[in-house]
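*Asks:* PDB, C-alpha atoms, file final.pdb:
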ATOM      1  CA  MET A  31      49.994  70.879 -59.466  1.00  0.00           C
ATOM      2  CA  THR A  32      49.687  71.333 -55.711  1.00  0.00           C
ATOM      3  CA  ASP A  33      51.551  68.071 -55.020  1.00  0.00           C
ATOM      4  CA  VAL A  34      54.588  69.327 -56.927  1.00  0.00           C
ATOM      5  CA  ALA A  35      54.497  72.791 -55.359  1.00  0.00           C
ATOM      6  CA  ASN A  36      54.049  71.386 -51.840  1.00  0.00           C
ATOM      7  CA  ALA A  37      57.004  69.053 -52.373  1.00  0.00           C
ATOM      8  CA  VAL A  38      59.153  72.120 -53.125  1.00  0.00           C
ATOM      9  CA  PHE A  39      57.817  73.996 -50.098  1.00  0.00           C
ATOM     10  CA  ASP A  40      58.557  70.948 -47.933  1.00  0.00           C
ATOM     11  CA  GLY A  41      62.219  71.035 -48.992  1.00  0.00           C
ATOM     12  CA  THR A  42      62.568  68.241 -51.512  1.00  0.00           C
ATOM     13  CA  ASP A  43      65.756  68.051 -53.589  1.00  0.00           C
ATOM     14  CA  ALA A  44      64.080  66.647 -56.709  1.00  0.00           C
ATOM     15  CA  VAL A  45      60.697  65.699 -58.148  1.00  0.00           C
ATOM     16  CA  MET A  46      59.787  63.042 -60.702  1.00  0.00           C
ATOM     17  CA  LEU A  47      56.769  62.000 -62.745  1.00  0.00           C
ATOM     18  CA  SER A  48      54.514  59.256 -61.414  1.00  0.00           C
ATOM     19  CA  GLY A  49      53.631  56.223 -63.494  1.00  0.00           C
ATOM     20  CA  GLU A  50      50.392  57.650 -64.858  1.00  0.00           C
ATOM     21  CA  THR A  51      51.875  60.849 -66.261  1.00  0.00           C
ATOM     22  CA  ALA A  52      55.155  59.251 -67.350  1.00  0.00           C
ATOM     23  CA  ASN A  53      53.253  56.665 -69.429  1.00  0.00           C
ATOM     24  CA  GLY A  54      50.863  59.159 -70.998  1.00  0.00           C
ATOM     25  CA  LYS A  55      50.833  60.391 -74.585  1.00  0.00           C
ATOM     26  CA  PHE A  56      52.672  63.654 -73.848  1.00  0.00           C
ATOM     27  CA  PRO A  57      55.540  62.954 -71.392  1.00  0.00           C
ATOM     28  CA  ASP A  58      57.571  65.915 -72.686  1.00  0.00           C
ATOM     29  CA  THR A  59      54.697  68.307 -71.971  1.00  0.00           C
ATOM     30  CA  ALA A  60      54.283  66.760 -68.519  1.00  0.00           C
ATOM     31  CA  VAL A  61      57.975  67.328 -67.730  1.00  0.00           C
ATOM     32  CA  ARG A  62      57.863  70.938 -68.963  1.00  0.00           C
ATOM     33  CA  THR A  63      54.742  71.614 -66.883  1.00  0.00           C
ATOM     34  CA  MET A  64      56.303  70.113 -63.777  1.00  0.00           C
ATOM     35  CA  ALA A  65      59.471  72.158 -64.329  1.00  0.00           C
ATOM     36  CA  ALA A  66      57.404  75.361 -64.608  1.00  0.00           C
ATOM     37  CA  ILE A  67      55.501  74.564 -61.388  1.00  0.00           C
ATOM     38  CA  THR A  68      58.783  73.823 -59.614  1.00  0.00           C
ATOM     39  CA  ALA A  69      60.393  77.064 -60.807  1.00  0.00           C
ATOM     40  CA  ASN A  70      57.396  79.142 -59.662  1.00  0.00           C
ATOM     41  CA  ALA A  71      57.352  77.417 -56.269  1.00  0.00           C
ATOM     42  CA  GLU A  72      61.101  77.992 -55.850  1.00  0.00           C
ATOM     43  CA  ASN A  73      60.665  81.707 -56.552  1.00  0.00           C
ATOM     44  CA  SER A  74      58.029  82.060 -53.833  1.00  0.00           C
ATOM     45  CA  ASN A  75      59.868  80.042 -51.174  1.00  0.00           C
ATOM     46  CA  GLY A  76      61.402  81.816 -48.164  1.00  0.00           C
ATOM     47  CA  TYR A  77      64.803  80.172 -47.887  1.00  0.00           C
ATOM     48  CA  VAL A  78      66.048  82.099 -44.865  1.00  0.00           C
ATOM     49  CA  ALA A  79      63.046  80.824 -42.909  1.00  0.00           C
ATOM     50  CA  THR A  80      63.690  77.314 -44.253  1.00  0.00           C
ATOM     51  CA  GLN A  81      67.338  77.485 -43.171  1.00  0.00           C
ATOM     52  CA  CYS A  82      66.335  78.546 -39.657  1.00  0.00           C
ATOM     53  CA  PHE A  83      63.745  75.773 -39.408  1.00  0.00           C
ATOM     54  CA  LEU A  84      66.220  73.106 -40.543  1.00  0.00           C
ATOM     55  CA  ARG A  85      68.895  74.386 -38.159  1.00  0.00           C
ATOM     56  CA  ASP A  86      66.543  74.501 -35.184  1.00  0.00           C
ATOM     57  CA  HIS A  87      65.076  71.040 -35.798  1.00  0.00           C
ATOM     58  CA  SER A  88      68.227  69.104 -36.715  1.00  0.00           C
ATOM     59  CA  THR A  89      69.740  66.734 -34.163  1.00  0.00           C
ATOM     60  CA  LYS A  90      72.203  68.342 -31.760  1.00  0.00           C
ATOM     61  CA  PRO A  91      75.104  68.425 -31.270  1.00  0.00           C
ATOM     62  CA  PHE A  92      75.908  69.022 -34.930  1.00  0.00           C
ATOM     63  CA  THR A  93      78.491  66.958 -36.731  1.00  0.00           C
ATOM     64  CA  ARG A  94      81.396  68.828 -38.300  1.00  0.00           C
ATOM     65  CA  GLY A  95      79.739  68.592 -41.724  1.00  0.00           C
ATOM     66  CA  GLU A  96      76.402  69.842 -40.410  1.00  0.00           C
ATOM     67  CA  THR A  97      78.125  72.763 -38.692  1.00  0.00           C
ATOM     68  CA  PHE A  98      79.669  73.884 -41.961  1.00  0.00           C
ATOM     69  CA  GLY A  99      76.382  73.440 -43.829  1.00  0.00           C
ATOM     70  CA  VAL A 100      74.812  75.938 -41.417  1.00  0.00           C
ATOM     71  CA  LEU A 101      77.837  78.252 -41.631  1.00  0.00           C
ATOM     72  CA  VAL A 102      77.839  78.368 -45.426  1.00  0.00           C
ATOM     73  CA  ALA A 103      74.112  79.174 -45.589  1.00  0.00           C
ATOM     74  CA  SER A 104      74.293  81.936 -42.968  1.00  0.00           C
ATOM     75  CA  THR A 105      77.553  83.453 -44.261  1.00  0.00           C
ATOM     76  CA  MET A 106      76.145  83.511 -47.792  1.00  0.00           C
ATOM     77  CA  VAL A 107      73.351  85.776 -46.544  1.00  0.00           C
ATOM     78  CA  GLU A 108      75.601  87.969 -44.374  1.00  0.00           C
ATOM     79  CA  CYS A 109      78.166  88.720 -47.106  1.00  0.00           C
ATOM     80  CA  ASN A 110      75.682  88.639 -50.019  1.00  0.00           C
ATOM     81  CA  ALA A 111      77.634  85.878 -51.752  1.00  0.00           C
ATOM     82  CA  GLN A 112      76.796  85.157 -55.385  1.00  0.00           C
ATOM     83  CA  LEU A 113      78.318  81.679 -55.691  1.00  0.00           C
ATOM     84  CA  ILE A 114      79.361  78.747 -53.501  1.00  0.00           C
ATOM     85  CA  ILE A 115      82.314  76.566 -54.522  1.00  0.00           C
ATOM     86  CA  THR A 116      82.638  73.245 -52.684  1.00  0.00           C
ATOM     87  CA  ILE A 117      85.453  70.752 -53.224  1.00  0.00           C
ATOM     88  CA  SER A 118      84.053  67.314 -52.415  1.00  0.00           C
ATOM     89  CA  ASN A 119      85.336  63.830 -53.198  1.00  0.00           C
ATOM     90  CA  ASP A 120      82.705  61.750 -51.403  1.00  0.00           C
ATOM     91  CA  GLY A 121      79.793  64.202 -51.677  1.00  0.00           C
ATOM     92  CA  SER A 122      79.145  64.693 -47.955  1.00  0.00           C
ATOM     93  CA  ALA A 123      80.205  68.357 -47.854  1.00  0.00           C
ATOM     94  CA  ALA A 124      78.049  69.153 -50.884  1.00  0.00           C
ATOM     95  CA  ARG A 125      75.048  67.392 -49.314  1.00  0.00           C
ATOM     96  CA  MET A 126      75.339  69.366 -46.086  1.00  0.00           C
ATOM     97  CA  VAL A 127      75.506  72.674 -47.965  1.00  0.00           C
ATOM     98  CA  ALA A 128      72.493  71.711 -50.101  1.00  0.00           C
ATOM     99  CA  LYS A 129      70.504  70.674 -47.015  1.00  0.00           C
ATOM    100  CA  TYR A 130      70.387  74.275 -45.773  1.00  0.00           C
ATOM    101  CA  ARG A 131      68.993  75.591 -49.051  1.00  0.00           C
ATOM    102  CA  PRO A 132      71.404  78.382 -50.030  1.00  0.00           C
ATOM    103  CA  ALA A 133      69.748  80.875 -52.367  1.00  0.00           C
ATOM    104  CA  VAL A 134      72.727  80.885 -54.770  1.00  0.00           C
ATOM    105  CA  PRO A 135      74.172  78.057 -56.898  1.00  0.00           C
ATOM    106  CA  GLN A 136      76.717  75.633 -55.450  1.00  0.00           C
ATOM    107  CA  VAL A 137      79.439  74.451 -57.846  1.00  0.00           C
ATOM    108  CA  VAL A 138      80.703  71.101 -56.578  1.00  0.00           C
ATOM    109  CA  VAL A 139      84.227  70.379 -57.794  1.00  0.00           C
ATOM    110  CA  THR A 140      85.003  66.665 -57.689  1.00  0.00           C
ATOM    111  CA  THR A 141      87.196  63.994 -59.249  1.00  0.00           C
ATOM    112  CA  SER A 142      84.575  61.268 -58.683  1.00  0.00           C
ATOM    113  CA  ASP A 143      82.173  60.023 -61.362  1.00  0.00           C
ATOM    114  CA  VAL A 144      79.781  58.801 -58.664  1.00  0.00           C
ATOM    115  CA  VAL A 145      79.698  62.137 -56.827  1.00  0.00           C
ATOM    116  CA  ALA A 146      79.266  64.080 -60.072  1.00  0.00           C
ATOM    117  CA  ASN A 147      76.200  61.972 -60.901  1.00  0.00           C
ATOM    118  CA  ARG A 148      74.711  62.221 -57.396  1.00  0.00           C
ATOM    119  CA  VAL A 149      75.117  65.993 -57.269  1.00  0.00           C
ATOM    120  CA  ALA A 150      72.468  66.264 -59.996  1.00  0.00           C
ATOM    121  CA  ALA A 151      69.841  65.344 -57.372  1.00  0.00           C
ATOM    122  CA  LEU A 152      70.986  67.913 -54.793  1.00  0.00           C
ATOM    123  CA  PHE A 153      69.241  71.242 -54.301  1.00  0.00           C
ATOM    124  CA  GLY A 154      70.969  74.063 -56.203  1.00  0.00           C
ATOM    125  CA  ALA A 155      74.124  72.017 -56.875  1.00  0.00           C
ATOM    126  CA  PHE A 156      76.011  71.647 -60.153  1.00  0.00           C
ATOM    127  CA  ALA A 157      78.915  69.238 -60.614  1.00  0.00           C
ATOM    128  CA  LEU A 158      82.228  70.244 -62.170  1.00  0.00           C
ATOM    129  CA  GLN A 159      84.180  67.033 -62.645  1.00  0.00           C
ATOM    130  CA  ILE A 160      87.943  67.260 -63.133  1.00  0.00           C
ATOM    131  CA  THR A 161      90.600  64.572 -63.380  1.00  0.00           C
ATOM    132  CA  THR A 162      92.946  65.889 -60.677  1.00  0.00           C
ATOM    133  CA  LEU A 163      92.626  68.692 -58.150  1.00  0.00           C
ATOM    134  CA  PRO A 164      94.943  71.623 -58.987  1.00  0.00           C
ATOM    135  CA  PRO A 165      95.896  74.372 -56.484  1.00  0.00           C
ATOM    136  CA  LEU A 166      92.963  76.227 -54.929  1.00  0.00           C
ATOM    137  CA  GLU A 167      93.396  79.312 -57.121  1.00  0.00           C
ATOM    138  CA  ALA A 168      93.032  77.143 -60.224  1.00  0.00           C
ATOM    139  CA  VAL A 169      89.994  75.357 -58.766  1.00  0.00           C
ATOM    140  CA  VAL A 170      88.304  78.720 -58.164  1.00  0.00           C
ATOM    141  CA  GLU A 171      89.071  79.913 -61.682  1.00  0.00           C
ATOM    142  CA  ALA A 172      87.706  76.674 -63.175  1.00  0.00           C
ATOM    143  CA  ALA A 173      84.552  76.929 -61.054  1.00  0.00           C
ATOM    144  CA  LYS A 174      84.043  80.567 -62.092  1.00  0.00           C
ATOM    145  CA  ALA A 175      84.395  79.688 -65.778  1.00  0.00           C
ATOM    146  CA  PHE A 176      81.976  76.771 -65.354  1.00  0.00           C
ATOM    147  CA  ALA A 177      79.433  78.976 -63.553  1.00  0.00           C
ATOM    148  CA  ARG A 178      79.638  81.666 -66.249  1.00  0.00           C
ATOM    149  CA  ALA A 179      79.225  79.095 -69.028  1.00  0.00           C
ATOM    150  CA  LYS A 180      76.151  77.631 -67.303  1.00  0.00           C
ATOM    151  CA  LYS A 181      74.755  81.140 -66.620  1.00  0.00           C
ATOM    152  CA  LEU A 182      74.762  80.458 -62.886  1.00  0.00           C
ATOM    153  CA  TRP A 183      76.761  83.550 -61.989  1.00  0.00           C
ATOM    154  CA  SER A 184      76.893  87.111 -63.337  1.00  0.00           C
ATOM    155  CA  GLY A 185      80.638  87.660 -62.913  1.00  0.00           C
ATOM    156  CA  GLN A 186      80.308  89.978 -59.910  1.00  0.00           C
ATOM    157  CA  GLY A 187      80.611  89.888 -56.158  1.00  0.00           C
ATOM    158  CA  THR A 188      81.749  87.612 -53.365  1.00  0.00           C
ATOM    159  CA  GLY A 189      81.852  83.831 -53.188  1.00  0.00           C
ATOM    160  CA  ILE A 190      82.088  81.146 -50.516  1.00  0.00           C
ATOM    161  CA  LEU A 191      84.871  78.571 -50.925  1.00  0.00           C
ATOM    162  CA  LEU A 192      84.608  75.338 -48.925  1.00  0.00           C
ATOM    163  CA  HIS A 193      87.758  73.225 -49.076  1.00  0.00           C
ATOM    164  CA  GLY A 194      89.833  70.933 -46.885  1.00  0.00           C
ATOM    165  CA  GLN A 195      92.157  71.889 -44.062  1.00  0.00           C
ATOM    166  CA  VAL A 196      94.734  69.221 -44.914  1.00  0.00           C
ATOM    167  CA  GLU A 197      93.684  67.931 -48.330  1.00  0.00           C
ATOM    168  CA  ALA A 198      91.705  69.745 -51.012  1.00  0.00           C
ATOM    169  CA  SER A 199      88.362  68.031 -50.332  1.00  0.00           C
ATOM    170  CA  ALA A 200      86.129  69.576 -47.664  1.00  0.00           C
ATOM    171  CA  ASP A 201      84.554  66.253 -46.659  1.00  0.00           C
ATOM    172  CA  SER A 202      86.662  65.465 -43.582  1.00  0.00           C
ATOM    173  CA  ALA A 203      88.264  68.668 -42.211  1.00  0.00           C
ATOM    174  CA  PRO A 204      86.504  71.618 -43.866  1.00  0.00           C
ATOM    175  CA  VAL A 205      87.628  75.223 -44.043  1.00  0.00           C
ATOM    176  CA  MET A 206      85.330  78.002 -45.258  1.00  0.00           C
ATOM    177  CA  ARG A 207      86.498  81.241 -46.881  1.00  0.00           C
ATOM    178  CA  ALA A 208      84.733  84.309 -48.188  1.00  0.00           C
ATOM    179  CA  ILE A 209      86.540  85.194 -51.413  1.00  0.00           C
ATOM    180  CA  SER A 210      86.447  87.922 -54.037  1.00  0.00           C
ATOM    181  CA  LEU A 211      85.194  86.664 -57.396  1.00  0.00           C
ATOM    182  CA  VAL A 212      86.131  89.810 -59.336  1.00  0.00           C
ATOM    183  CA  GLN A 213      88.159  89.090 -62.448  1.00  0.00           C
ATOM    184  CA  GLY A 214      91.876  89.727 -62.179  1.00  0.00           C
ATOM    185  CA  THR A 215      92.133  89.736 -58.382  1.00  0.00           C
ATOM    186  CA  ASP A 216      94.417  87.519 -56.335  1.00  0.00           C
ATOM    187  CA  LEU A 217      91.497  85.637 -54.814  1.00  0.00           C
ATOM    188  CA  LEU A 218      92.874  83.794 -51.843  1.00  0.00           C
ATOM    189  CA  ALA A 219      95.383  86.468 -50.850  1.00  0.00           C
ATOM    190  CA  ARG A 220      92.527  88.950 -50.425  1.00  0.00           C
ATOM    191  CA  VAL A 221      90.697  86.862 -47.827  1.00  0.00           C
ATOM    192  CA  PRO A 222      91.007  88.433 -44.353  1.00  0.00           C
ATOM    193  CA  ASP A 223      91.725  86.038 -41.507  1.00  0.00           C
ATOM    194  CA  VAL A 224      88.392  86.942 -39.901  1.00  0.00           C
ATOM    195  CA  ASN A 225      86.575  85.375 -42.872  1.00  0.00           C
ATOM    196  CA  THR A 226      88.437  82.078 -42.704  1.00  0.00           C
ATOM    197  CA  TYR A 227      86.805  79.433 -40.541  1.00  0.00           C
ATOM    198  CA  GLY A 228      88.688  76.282 -39.581  1.00  0.00           C
ATOM    199  CA  LEU A 229      86.295  75.229 -36.839  1.00  0.00           C
ATOM    200  CA  ARG A 230      86.794  71.938 -35.014  1.00  0.00           C
ATOM    201  CA  VAL A 231      83.678  70.348 -33.528  1.00  0.00           C
TER     202      VAL A 231
END
Would it be possible to restate this file's structure as C-alpha coordinates?
*Replies:*
Amino acid sequence: MTDVANAVFDGTDAVMLSGETANGKFPDTAVRTMAAITANAENSNGYVATQCFLRDHSTKPFTRGETFGVLVASTMVECNAQLIITISNDGSAARMVAKYRPAVPQVVVTTSDVVANRVAALFGAFALQITTLPPLEAVVEAAKAFARAKKLWSGQGTGILLHGQVEASADSAPVMRAISLVQGTDLLARVPDVNTYGLRV
(Lines of atoms letter the chains of each structure in order from A and count residues from 1; the text may use other names and numbers.)
(Lines give C-alpha, C1' and ligand atoms only; values in the text may rest on other atoms or scores of the structure.)
Protein backbone atom coordinates (compact mmCIF):
# COMPACT_ATOMS: atom_id res chain seq x y z
CA MET A 1 0.00 0.00 0.00
CA THR A 2 2.60 2.56 1.04
CA ASP A 3 4.73 1.86 -2.05
CA VAL A 4 1.84 2.79 -4.33
CA ALA A 5 0.88 5.88 -2.33
CA ASN A 6 4.50 7.08 -2.11
CA ALA A 7 4.89 6.67 -5.87
CA VAL A 8 1.94 9.05 -6.33
CA PHE A 9 3.34 11.53 -3.81
CA ASP A 10 6.69 11.40 -5.62
CA GLY A 11 5.03 12.45 -8.88
CA THR A 12 4.80 9.28 -10.92
CA ASP A 13 2.64 9.29 -14.06
CA ALA A 14 1.55 5.65 -13.77
CA VAL A 15 1.82 2.59 -11.54
CA MET A 16 1.76 -1.10 -12.43
CA LEU A 17 1.55 -4.44 -10.65
CA SER A 18 4.76 -6.29 -9.85
CA GLY A 19 5.28 -9.90 -10.88
CA GLU A 20 4.10 -11.39 -7.60
CA THR A 21 0.72 -9.65 -7.52
CA ALA A 22 0.17 -9.83 -11.29
CA ASN A 23 0.64 -13.62 -11.22
CA GLY A 24 -1.55 -14.20 -8.18
CA LYS A 25 -5.00 -15.77 -8.09
CA PHE A 26 -6.89 -12.46 -7.97
CA PRO A 27 -5.26 -9.99 -10.41
CA ASP A 28 -8.52 -8.08 -10.90
CA THR A 29 -8.83 -7.47 -7.16
CA ALA A 30 -5.19 -6.39 -7.04
CA VAL A 31 -5.78 -3.84 -9.82
CA ARG A 32 -8.92 -2.47 -8.15
CA THR A 33 -7.08 -2.15 -4.83
CA MET A 34 -4.17 -0.35 -6.44
CA ALA A 35 -6.56 2.00 -8.25
CA ALA A 36 -8.30 2.83 -4.95
CA ILE A 37 -4.97 3.54 -3.22
CA THR A 38 -3.91 5.74 -6.14
CA ALA A 39 -7.18 7.69 -6.12
CA ASN A 40 -6.94 8.33 -2.36
CA ALA A 41 -3.32 9.44 -2.66
CA GLU A 42 -4.20 11.78 -5.54
CA ASN A 43 -6.94 13.40 -3.46
CA SER A 44 -4.53 14.16 -0.61
CA ASN A 45 -1.69 15.48 -2.79
CA GLY A 46 -0.88 19.21 -2.79
CA TYR A 47 -0.41 19.94 -6.48
CA VAL A 48 0.38 23.64 -6.16
CA ALA A 49 3.31 22.74 -3.91
CA THR A 50 4.34 20.02 -6.38
CA GLN A 51 4.23 22.50 -9.27
CA CYS A 52 6.43 24.95 -7.37
CA PHE A 53 8.93 22.23 -6.46
CA LEU A 54 9.18 21.00 -10.06
CA ARG A 55 9.57 24.54 -11.38
CA ASP A 56 12.26 25.45 -8.86
CA HIS A 57 14.28 22.27 -9.38
CA SER A 58 14.09 21.94 -13.17
CA THR A 59 17.14 22.82 -15.25
CA LYS A 60 17.39 26.49 -16.22
CA PRO A 61 17.06 28.18 -18.60
CA PHE A 62 13.77 26.56 -19.55
CA THR A 63 13.12 25.32 -23.05
CA ARG A 64 10.13 26.79 -24.86
CA GLY A 65 8.08 23.68 -24.06
CA GLU A 66 9.03 23.76 -20.39
CA THR A 67 8.12 27.44 -20.19
CA PHE A 68 4.62 26.73 -21.45
CA GLY A 69 4.23 23.75 -19.12
CA VAL A 70 4.84 26.11 -16.19
CA LEU A 71 2.56 28.78 -17.70
CA VAL A 72 -0.36 26.40 -18.20
CA ALA A 73 -0.15 25.08 -14.63
CA SER A 74 0.06 28.54 -13.05
CA THR A 75 -2.58 30.13 -15.30
CA MET A 76 -4.95 27.25 -14.59
CA VAL A 77 -4.80 28.16 -10.89
CA GLU A 78 -5.04 31.93 -11.44
CA CYS A 79 -8.13 31.80 -13.68
CA ASN A 80 -9.71 28.74 -12.02
CA ALA A 81 -9.73 26.83 -15.30
CA GLN A 82 -11.82 23.66 -15.47
CA LEU A 83 -10.22 22.03 -18.52
CA ILE A 84 -6.99 22.13 -20.53
CA ILE A 85 -7.06 21.49 -24.28
CA THR A 86 -3.69 20.79 -25.91
CA ILE A 87 -3.17 20.21 -29.63
CA SER A 88 -0.11 17.99 -29.98
CA ASN A 89 1.18 15.94 -32.90
CA ASP A 90 4.41 14.61 -31.39
CA GLY A 91 3.33 14.60 -27.73
CA SER A 92 5.96 17.00 -26.38
CA ALA A 93 3.52 19.80 -25.49
CA ALA A 94 1.24 17.34 -23.69
CA ARG A 95 4.18 15.90 -21.74
CA MET A 96 5.31 19.32 -20.55
CA VAL A 97 1.80 20.21 -19.36
CA ALA A 98 1.47 16.86 -17.55
CA LYS A 99 4.88 17.31 -15.89
CA TYR A 100 3.60 20.26 -13.85
CA ARG A 101 0.63 18.31 -12.49
CA PRO A 102 -2.38 20.49 -13.35
CA ALA A 103 -5.31 19.75 -11.05
CA VAL A 104 -7.79 19.58 -13.97
CA PRO A 105 -7.95 17.14 -16.91
CA GLN A 106 -5.92 17.76 -20.06
CA VAL A 107 -7.59 16.74 -23.34
CA VAL A 108 -4.84 16.08 -25.87
CA VAL A 109 -6.09 16.48 -29.44
CA THR A 110 -3.88 14.63 -31.90
CA THR A 111 -3.88 12.99 -35.32
CA SER A 112 -1.17 10.49 -34.32
CA ASP A 113 -1.87 6.90 -33.26
CA VAL A 114 1.45 6.79 -31.39
CA VAL A 115 0.77 9.98 -29.42
CA ALA A 116 -2.77 8.88 -28.58
CA ASN A 117 -1.40 5.65 -27.10
CA ARG A 118 1.41 7.37 -25.18
CA VAL A 119 -0.93 9.95 -23.66
CA ALA A 120 -2.55 7.14 -21.66
CA ALA A 121 0.57 7.07 -19.46
CA LEU A 122 0.65 10.83 -18.81
CA PHE A 123 -0.66 12.38 -15.61
CA GLY A 124 -4.23 13.67 -16.00
CA ALA A 125 -4.16 13.44 -19.81
CA PHE A 126 -6.81 11.96 -22.10
CA ALA A 127 -6.31 11.52 -25.84
CA LEU A 128 -8.84 12.66 -28.43
CA GLN A 129 -7.64 11.28 -31.75
CA ILE A 130 -8.99 12.83 -34.95
CA THR A 131 -8.10 12.25 -38.58
CA THR A 132 -7.41 15.87 -39.55
CA LEU A 133 -7.19 19.07 -37.53
CA PRO A 134 -10.16 21.38 -38.22
CA PRO A 135 -10.21 25.12 -37.33
CA LEU A 136 -9.54 25.91 -33.67
CA GLU A 137 -13.20 26.58 -32.86
CA ALA A 138 -14.10 23.09 -34.07
CA VAL A 139 -11.21 21.54 -32.11
CA VAL A 140 -12.47 23.21 -28.92
CA GLU A 141 -16.03 22.03 -29.52
CA ALA A 142 -14.83 18.46 -30.15
CA ALA A 143 -12.69 18.53 -27.00
CA LYS A 144 -15.62 19.86 -24.94
CA ALA A 145 -17.91 17.10 -26.22
CA PHE A 146 -15.24 14.48 -25.50
CA ALA A 147 -14.69 15.83 -21.97
CA ARG A 148 -18.43 15.83 -21.23
CA ALA A 149 -18.83 12.28 -22.55
CA LYS A 150 -15.93 11.08 -20.36
CA LYS A 151 -17.29 13.03 -17.35
CA LEU A 152 -14.07 15.02 -17.13
CA TRP A 153 -15.76 18.41 -17.21
CA SER A 154 -19.02 19.78 -15.78
CA GLY A 155 -19.88 22.10 -18.67
CA GLN A 156 -19.00 25.31 -16.81
CA GLY A 157 -16.20 27.81 -16.56
CA THR A 158 -12.94 28.74 -18.23
CA GLY A 159 -10.48 26.58 -20.14
CA ILE A 160 -6.85 26.77 -21.26
CA LEU A 161 -6.18 26.21 -24.97
CA LEU A 162 -2.61 25.40 -26.02
CA HIS A 163 -2.11 25.45 -29.79
CA GLY A 164 0.49 26.41 -32.37
CA GLN A 165 1.49 29.88 -33.48
CA VAL A 166 1.94 28.88 -37.12
CA GLU A 167 0.41 25.41 -37.36
CA ALA A 168 -2.28 23.89 -35.17
CA SER A 169 0.04 21.74 -33.03
CA ALA A 170 1.58 23.38 -29.96
CA ASP A 171 4.75 21.27 -30.08
CA SER A 172 7.08 23.74 -31.82
CA ALA A 173 5.76 27.32 -31.43
CA PRO A 174 3.08 27.25 -28.72
CA VAL A 175 0.45 29.86 -27.95
CA MET A 176 -1.68 29.72 -24.80
CA ARG A 177 -5.17 31.19 -24.46
CA ALA A 178 -7.67 31.42 -21.64
CA ILE A 179 -11.04 30.71 -23.24
CA SER A 180 -14.69 30.65 -22.22
CA LEU A 181 -16.14 27.14 -22.26
CA VAL A 182 -19.77 28.25 -21.81
CA GLN A 183 -22.11 26.73 -24.37
CA GLY A 184 -23.13 29.00 -27.22
CA THR A 185 -20.35 31.57 -26.87
CA ASP A 186 -17.94 32.58 -29.61
CA LEU A 187 -14.98 31.07 -27.79
CA LEU A 188 -11.91 32.48 -29.44
CA ALA A 189 -13.39 35.91 -30.14
CA ARG A 190 -13.98 36.39 -26.41
CA VAL A 191 -10.32 35.95 -25.47
CA PRO A 192 -8.76 39.29 -24.45
CA ASP A 193 -5.29 39.99 -25.82
CA VAL A 194 -3.91 40.05 -22.27
CA ASN A 195 -4.75 36.34 -21.92
CA THR A 196 -2.99 35.29 -25.10
CA TYR A 197 0.64 34.31 -24.67
CA GLY A 198 2.90 33.87 -27.68
CA LEU A 199 6.15 33.89 -25.73
CA ARG A 200 9.45 33.28 -27.50
CA VAL A 201 12.25 31.84 -25.37
*Asks:* Which of these residues is nearest to Ala111 (chain A), using all atoms listed in the file: A:Asn73, A:Gln81, A:Gln186, A:Thr97?
*Replies:*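 Closest residue, counting all atoms listed in the file: A:Gln186.
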*Asks:* Give the answer as one residue: which of A:Ala208, A:Val107, A:Leu113, A:Ala44 has the shortest atom-to-atom distance to Ala150 (chain A), using only C-alpha atoms?
*Replies:*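 When distances to Ala150 (chain A) are compared using only C-alpha atoms, the smallest one comes from A:Ala44.
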*Asks:* If we count all atoms listed in the file, what is near Arg178 (chain A) at a cut-off of 12 Å, once residues fewer than 6 positions away on the same chain are taken out, given as a PyMOL selection string?
*Replies:* chain A and resi 112-113+135+137+171-172+184-186+211+213
*Asks:* The residues within 12 Å of (91.8, 69.6, -47.8), using only C-alpha atoms and the coordinates of the file, should be reported as a ChimeraX atom specification; which are they?
*Replies:* /A:116-119,123,163-166,191-206,228
*Asks:* For the PyMOL selection byres ((chain A and resi 60) around 12), applied here, can you spell out every residue it catches as a CSV table (one decimal) with C-alpha atoms, keeping the file's coordinate frame?
*Replies:*
chain,number,residue,atom,x,y,z
A,31,MET,CA,50.0,70.9,-59.5
A,34,VAL,CA,54.6,69.3,-56.9
A,46,MET,CA,59.8,63.0,-60.7
A,47,LEU,CA,56.8,62.0,-62.7
A,48,SER,CA,54.5,59.3,-61.4
A,49,GLY,CA,53.6,56.2,-63.5
A,50,GLU,CA,50.4,57.6,-64.9
A,51,THR,CA,51.9,60.8,-66.3
A,52,ALA,CA,55.2,59.3,-67.4
A,53,ASN,CA,53.3,56.7,-69.4
A,54,GLY,CA,50.9,59.2,-71.0
A,55,LYS,CA,50.8,60.4,-74.6
A,56,PHE,CA,52.7,63.7,-73.8
A,57,PRO,CA,55.5,63.0,-71.4
A,58,ASP,CA,57.6,65.9,-72.7
A,59,THR,CA,54.7,68.3,-72.0
A,61,VAL,CA,58.0,67.3,-67.7
A,62,ARG,CA,57.9,70.9,-69.0
A,63,THR,CA,54.7,71.6,-66.9
A,64,MET,CA,56.3,70.1,-63.8
A,65,ALA,CA,59.5,72.2,-64.3
A,66,ALA,CA,57.4,75.4,-64.6
A,67,ILE,CA,55.5,74.6,-61.4
*Asks:* In Å, rounded to a single decimal, give me how far CA of Val127 (chain A) is from CA of Val102 (chain A).
*Replies:*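 Computed distance, CA of Val102 (chain A) to CA of Val127 (chain A), equals 6.7 Å.
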*Asks:* I'd like the residues picked by the PyMOL selection byres ((chain A and resi 132) around 9) written out as a ChimeraX atom specification, using the chain letters and numbers from the file.
*Replies:* /A:77-78,81,102-104,106-107,114,127-131,133-136,153-154
*Asks:* Which value, in Å to one decimal, gives the distance between CA of Arg85 (chain A) and CA of Phe98 (chain A)?
*Replies:*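 Result for CA of Arg85 (chain A) versus CA of Phe98 (chain A): 11.4 Å, one decimal.
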*Asks:* Please measure the separation of CA of Leu84 (chain A) and CA of Val45 (chain A), giving the value in Å to one decimal.
*Replies:*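 Between these atoms lies a distance of 19.9 Å.
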*Asks:* Which centre and edge lengths in Å to one decimal define the box along x, y and z that fits every listed atom of region 187-200 of chain A plus 6 Å per side, as lines of an AutoDock Vina configuration file?
*Replies:*
center_x = 87.7
center_y = 78.9
center_z = -50.1
size_x = 26.1
size_y = 34.0
size_z = 24.1
*Asks:* For Gln159 (chain A), please output as a list in words all residues within 6 Å (counting only C-alpha atoms; exclusion window: fewer than 5 positions along the same chain).
*Replies:*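 The residues that qualify are Val139, Thr140 and Thr141 of chain A.
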*Asks:* Here is a test: counting all atoms listed in the file, which residue of A:Leu152, A:Thr188, A:Leu158, A:Glu108 is nearest to Ala175 (chain A)?
*Replies:*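 Closest to Ala175 (chain A) of all the choices is A:Leu158.
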*Asks:* Nearest residue to Ala173 (chain A) out of A:Ala157, A:Val149, A:Val144, A:Ala37, using all atoms listed in the file?
*Replies:*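 That would be A:Ala157, the residue with the smallest distance to Ala173 (chain A).
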*Asks:* Could you tell me which of A:Ala124, A:Ala79, A:Ala69, A:Val100 comes closest to Ala146 (chain A) if we count all atoms listed in the file?
*Replies:*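 Checking each of A:Ala124, A:Ala79, A:Ala69, A:Val100 against Ala146 (chain A), counting all atoms listed in the file, the winner is A:Ala124.
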*Asks:* Looking at all atoms listed in the file, which of A:Thr42, A:Asn110, A:Thr161, A:Thr68 is the one that sits closest to Ser142 (chain A)?
*Replies:*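 Residue with the minimum atom-to-atom distance to Ser142 (chain A): A:Thr161.
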